[in-house]
Amino acid sequence: MEHVVLNNGVVMPLEGFGVFQIPDPAECEEVTWGALKAGYRLIDTAAAYGNEEAVGRAIRKSGIPREEIFVTSKLWVQDYGYEKGKAGLEQSLEKLGLDYLDLYLLHQPVGDVLGSWKALEEAYQDGKIRAIGVANFYPAPLADFCETVEILPAVDQVELHPFFAQPKALENMKAYGVQPQAWGPLAEGKHNIFTHPVLTAIGQKYGKTATQVALRWNVQRGVSIIPKSVHCDRIKQNLDIWDFQLTEEDMAQIGTLDLGHSEIVDHGDPAFIQMLHHWKIHS
């Protein structure tokens, strides 16, 4: 496993385990525990996923020292604002059963992001969070945000996979010293990514699967990845990407798959933004 040093000096694994779309508590606890046993040391959850308590139980069940596990969670839009942001963080800590988070993100670039960020900045300065960041902040919103806030985000978690490579977004993050992290690094299974002929052919040269090639492509671009699976064999397979190196030719060939747009979500769609504002995660 390789690591990256964030802009505040915190060391973060380049690969982690994501628990999005695993709402069943028992299943989430079991697969998170399985991921930790397999060797993952970064676990990514969020208030909006509804499974922070299950993640916390898995962490305690693993017996792994807390300082060896990098835990990320995210503040949801419903809890944006200075006072509500502080309360949202405390609720996540309580559900996870933790005294601090390694990384805490603003989940969406909508609503009172500046008031929320102030709450995160204070929690960071008080030691409740080791690093703070954002998610789904595309180039223009991220530039505006970085030009406005006092503490720059350490991470921006956005959709990044071979079919939506976002090279300009990566350039923008690099300019501000923000670490890119990929949600949906396997395109949520779209585009036949698990059997795609280009990825499969490249993988055959190294004895690797198309999935492993897609993940390796991102980390060689300096992108942190958080693949998700509920299958034990795939959880282990997704972690087995650190013993081979794609060539420049391989990287360029994978780069030709880029569609230049997402087919999962569209943050430029007003209806999607309205949905984010009205999506309640608790009463």
# chains A, B, ... in the order shown; residues from 1 in each chain; ligands from 1
>>> select_by_dssp(residues="range 58-221 of chain A", states="helix (DSSP H, G or I)", output="MDAnalysis selection string")
chainID A and resid 58:62 66:68 77:79 82:96 113:125 139:146 167:176 187:192 197:206 210:220
>>> closest_atom_pairs(of="range 42-128 of chain A", to="range 3-18 of chain A", cutoff="9 Å", atoms="only C-alpha atoms", output="tab-separated table")
residue	atom	partner	partner_atom	distance
A:Leu42	CA	A:Gly16	CA	4.3
A:Ile43	CA	A:Phe17	CA	5.0
A:Asp44	CA	A:Gly18	CA	4.8
A:Thr45	CA	A:Gly18	CA	6.4
A:Phe70	CA	A:Met12	CA	7.0
A:Asp102	CA	A:Val10	CA	8.6
>>> write_last_selection(atoms="N, CA and C atoms", output="short mmCIF file (atom, residue, chain, number, x, y, z; two decimals), in the first residue's frame")
data_model
loop_
_atom_site.label_atom_id
_atom_site.label_comp_id
_atom_site.auth_asym_id
_atom_site.auth_seq_id
_atom_site.Cartn_x
_atom_site.Cartn_y
_atom_site.Cartn_z
N LEU A 42 -8.11 2.55 5.33
CA LEU A 42 -8.90 3.76 5.15
C LEU A 42 -10.35 3.32 4.93
N ILE A 43 -11.25 3.82 5.77
CA ILE A 43 -12.67 3.51 5.65
C ILE A 43 -13.41 4.82 5.41
N ASP A 44 -14.20 4.86 4.34
CA ASP A 44 -14.91 6.08 3.94
C ASP A 44 -16.41 5.89 4.10
N THR A 45 -17.02 6.70 4.98
CA THR A 45 -18.46 6.67 5.18
C THR A 45 -18.99 8.09 5.11
N PHE A 70 -7.60 5.05 9.16
CA PHE A 70 -7.92 6.39 8.69
C PHE A 70 -9.42 6.42 8.39
N ASP A 102 -10.28 11.28 11.03
CA ASP A 102 -9.05 11.58 10.29
C ASP A 102 -9.32 12.56 9.16
#
>>> atom_distance(atom1="CA of Leu160 in chain A", atom2="CA of Gly184 in chain A")
6.7 Å
>>> closest_residue(among="A:Pro167, A:Gly255, A:Pro139, A:Gly189", to="Val223 in chain A", atoms="only C-alpha atoms")
A:Pro167
>>> closest_atom_pairs(of="range 51-114 of chain A", to="range 26-37 of chain A", cutoff="7 Å", atoms="only C-alpha atoms", output="JSON lines")
{"residue": "A:Asn51", "atom": "CA", "partner": "A:Cys28", "partner_atom": "CA", "distance": 7.0}
{"residue": "A:Ala54", "atom": "CA", "partner": "A:Glu29", "partner_atom": "CA", "distance": 4.8}
{"residue": "A:Val55", "atom": "CA", "partner": "A:Glu29", "partner_atom": "CA", "distance": 5.7}
{"residue": "A:Arg57", "atom": "CA", "partner": "A:Glu29", "partner_atom": "CA", "distance": 6.5}
{"residue": "A:Ala58", "atom": "CA", "partner": "A:Trp33", "partner_atom": "CA", "distance": 4.9}
{"residue": "A:Ile59", "atom": "CA", "partner": "A:Trp33", "partner_atom": "CA", "distance": 6.8}
{"residue": "A:Ser62", "atom": "CA", "partner": "A:Trp33", "partner_atom": "CA", "distance": 6.1}
>>> closest_residue(among="A:Leu103, A:Ala119, A:Ile226, A:Val113", to="Ala131 in chain A", atoms="only C-alpha atoms")
A:Leu103
>>> atom_distance(atom1="CA of Trp183 in chain A", atom2="CA of Val158 in chain A")
5.7 Å
>>> atom_distance(atom1="CA of Val134 in chain A", atom2="CA of Gln157 in chain A")
6.4 Å
>>> closest_residue(among="A:Val198, A:Val219, A:Leu142, A:Val213", to="Pro109 in chain A", atoms="only C-alpha atoms")
A:Leu142
>>> closest_residue(among="A:Arg216, A:Lys168, A:Arg234, A:Lys280", to="Met1 in chain A", atoms="only C-alpha atoms")
A:Arg216
>>> closest_residue(among="A:Pro65, A:Pro162, A:Pro197, A:Gly39", to="Ala214 in chain A", atoms="only C-alpha atoms")
A:Pro162
>>> residues_around(residues="range 260-271 of chain A", least_positions_apart="4", cutoff="8 Å", atoms="only C-alpha atoms", output="list of chain:residue names")
A:Glu159, A:Phe163, A:Phe164, A:Ala165, A:Gln166, A:Ala187, A:Met275
>>> write_last_selection(atoms="C-alpha atoms", output="short mmCIF file (atom, residue, chain, number, x, y, z; two decimals), in the first residue's frame")
data_model
loop_
_atom_site.label_atom_id
_atom_site.label_comp_id
_atom_site.auth_asym_id
_atom_site.auth_seq_id
_atom_site.Cartn_x
_atom_site.Cartn_y
_atom_site.Cartn_z
CA GLU A 159 -16.14 11.05 -9.56
CA PHE A 163 -14.80 6.97 -18.53
CA PHE A 164 -14.76 10.31 -16.66
CA ALA A 165 -11.09 11.15 -16.21
CA GLN A 166 -11.44 14.87 -15.41
CA ALA A 187 -17.87 3.76 -12.55
CA MET A 275 -32.90 17.21 -4.94
#
>>> residues_around(residues="Gln237 in chain A", least_positions_apart="6", cutoff="9 Å", atoms="only C-alpha atoms", output="list in words")
Thr209, Thr211 and Gln212 of chain A
>>> write_last_selection(atoms="C-alpha atoms", output="mmCIF file, in the first residue's frame")
data_model
loop_
_atom_site.group_PDB
_atom_site.id
_atom_site.type_symbol
_atom_site.label_atom_id
_atom_site.label_comp_id
_atom_site.auth_asym_id
_atom_site.auth_seq_id
_atom_site.Cartn_x
_atom_site.Cartn_y
_atom_site.Cartn_z
ATOM 1 C CA THR A 209 -8.295 -8.045 -14.110
ATOM 2 C CA THR A 211 -11.024 -3.869 -12.474
ATOM 3 C CA GLN A 212 -7.485 -3.876 -11.120
#
>>> closest_residue(among="A:Glu53, A:Glu2, A:Glu90, A:Asp99", to="Glu67 in chain A", atoms="only C-alpha atoms")
A:Asp99
>>> select_by_dssp(residues="range 56-270 of chain A", states="strand (DSSP E)", output="short mmCIF file (atom, residue, chain, number, x, y, z; two decimals) with N, CA and C atoms, in the first residue's frame")
data_model
loop_
_atom_site.label_atom_id
_atom_site.label_comp_id
_atom_site.auth_asym_id
_atom_site.auth_seq_id
_atom_site.Cartn_x
_atom_site.Cartn_y
_atom_site.Cartn_z
N PHE A 70 -7.60 5.05 9.16
CA PHE A 70 -7.92 6.39 8.69
C PHE A 70 -9.42 6.42 8.39
N VAL A 71 -10.17 7.18 9.17
CA VAL A 71 -11.63 7.19 9.07
C VAL A 71 -12.11 8.51 8.49
N THR A 72 -12.89 8.42 7.43
CA THR A 72 -13.48 9.59 6.78
C THR A 72 -14.99 9.56 6.92
N SER A 73 -15.59 10.72 7.21
CA SER A 73 -17.03 10.86 7.11
C SER A 73 -17.32 12.23 6.49
N LYS A 74 -18.62 12.50 6.27
CA LYS A 74 -19.00 13.70 5.53
C LYS A 74 -20.24 14.35 6.13
N LEU A 75 -20.27 15.68 6.09
CA LEU A 75 -21.41 16.45 6.56
C LEU A 75 -22.43 16.58 5.43
N LEU A 103 -10.51 12.48 8.58
CA LEU A 103 -10.89 13.38 7.49
C LEU A 103 -12.39 13.59 7.54
N TYR A 104 -12.80 14.86 7.41
CA TYR A 104 -14.23 15.19 7.41
C TYR A 104 -14.48 16.12 6.23
N LEU A 105 -15.48 15.78 5.42
CA LEU A 105 -15.72 16.49 4.17
C LEU A 105 -17.08 17.16 4.14
N LEU A 106 -17.16 18.31 3.46
CA LEU A 106 -18.45 18.85 3.05
C LEU A 106 -18.90 18.00 1.87
N ILE A 132 -9.48 18.38 6.91
CA ILE A 132 -10.80 18.74 6.42
C ILE A 132 -10.76 18.90 4.90
N GLY A 133 -11.89 18.60 4.27
CA GLY A 133 -11.91 18.67 2.82
C GLY A 133 -13.32 18.80 2.29
N VAL A 134 -13.46 18.58 0.99
CA VAL A 134 -14.74 18.73 0.31
C VAL A 134 -14.97 17.54 -0.60
N ALA A 135 -16.19 17.45 -1.10
CA ALA A 135 -16.54 16.42 -2.07
C ALA A 135 -17.44 17.02 -3.14
N VAL A 155 -8.51 17.58 0.73
CA VAL A 155 -8.97 16.56 -0.22
C VAL A 155 -10.21 17.09 -0.94
N ASP A 156 -10.34 16.72 -2.21
CA ASP A 156 -11.60 16.91 -2.93
C ASP A 156 -11.98 15.55 -3.51
N GLN A 157 -13.08 14.99 -3.02
CA GLN A 157 -13.53 13.67 -3.46
C GLN A 157 -14.56 13.84 -4.57
N VAL A 158 -14.20 13.41 -5.78
CA VAL A 158 -15.09 13.57 -6.93
C VAL A 158 -15.12 12.27 -7.74
N GLU A 159 -16.03 12.22 -8.68
CA GLU A 159 -16.14 11.05 -9.56
C GLU A 159 -14.93 11.01 -10.51
N GLN A 179 -5.62 17.21 -2.58
CA GLN A 179 -5.48 15.82 -3.00
C GLN A 179 -6.76 15.31 -3.64
N PRO A 180 -6.71 14.82 -4.89
CA PRO A 180 -7.91 14.22 -5.50
C PRO A 180 -8.18 12.83 -4.94
N GLN A 181 -9.44 12.56 -4.70
CA GLN A 181 -9.86 11.24 -4.25
C GLN A 181 -11.06 10.82 -5.08
N ALA A 182 -11.05 9.60 -5.57
CA ALA A 182 -12.08 9.13 -6.49
C ALA A 182 -13.20 8.40 -5.76
N TRP A 183 -14.42 8.95 -5.88
CA TRP A 183 -15.56 8.10 -5.57
C TRP A 183 -15.99 7.45 -6.89
N SER A 224 -6.26 9.18 -4.98
CA SER A 224 -6.66 8.23 -3.95
C SER A 224 -7.98 7.59 -4.38
N ILE A 225 -8.16 6.31 -4.09
CA ILE A 225 -9.35 5.59 -4.54
C ILE A 225 -10.04 4.92 -3.35
#
>>> residues_around(residues="Tyr80 in chain A", least_positions_apart="4", cutoff="6 Å", atoms="only C-alpha atoms", output="number ranges by chain")
A: 84-85, 112, 116
>>> residues_around(residues="range 146-148 of chain A", least_positions_apart="5", cutoff="10 Å", atoms="only C-alpha atoms", output="list of chain:residue names")
A:Leu114, A:Ala140, A:Pro141, A:Pro153, A:Met173, A:Tyr176, A:Gly177, A:Val178
>>> write_last_selection(atoms="C-alpha atoms", output="PDB file, in the first residue's frame")
ATOM      1  CA  LEU A 114     -18.838  28.833   4.141  1.00  0.00           C
ATOM      2  CA  ALA A 140     -14.849  26.506 -10.785  1.00  0.00           C
ATOM      3  CA  PRO A 141     -16.552  25.991  -7.390  1.00  0.00           C
ATOM      4  CA  PRO A 153      -9.263  21.742   1.803  1.00  0.00           C
ATOM      5  CA  MET A 173      -6.599  20.538  -7.533  1.00  0.00           C
ATOM      6  CA  TYR A 176      -4.242  24.509  -4.947  1.00  0.00           C
ATOM      7  CA  GLY A 177      -2.452  21.606  -3.267  1.00  0.00           C
ATOM      8  CA  VAL A 178      -5.686  19.623  -2.887  1.00  0.00           C
TER       9      VAL A 178
END
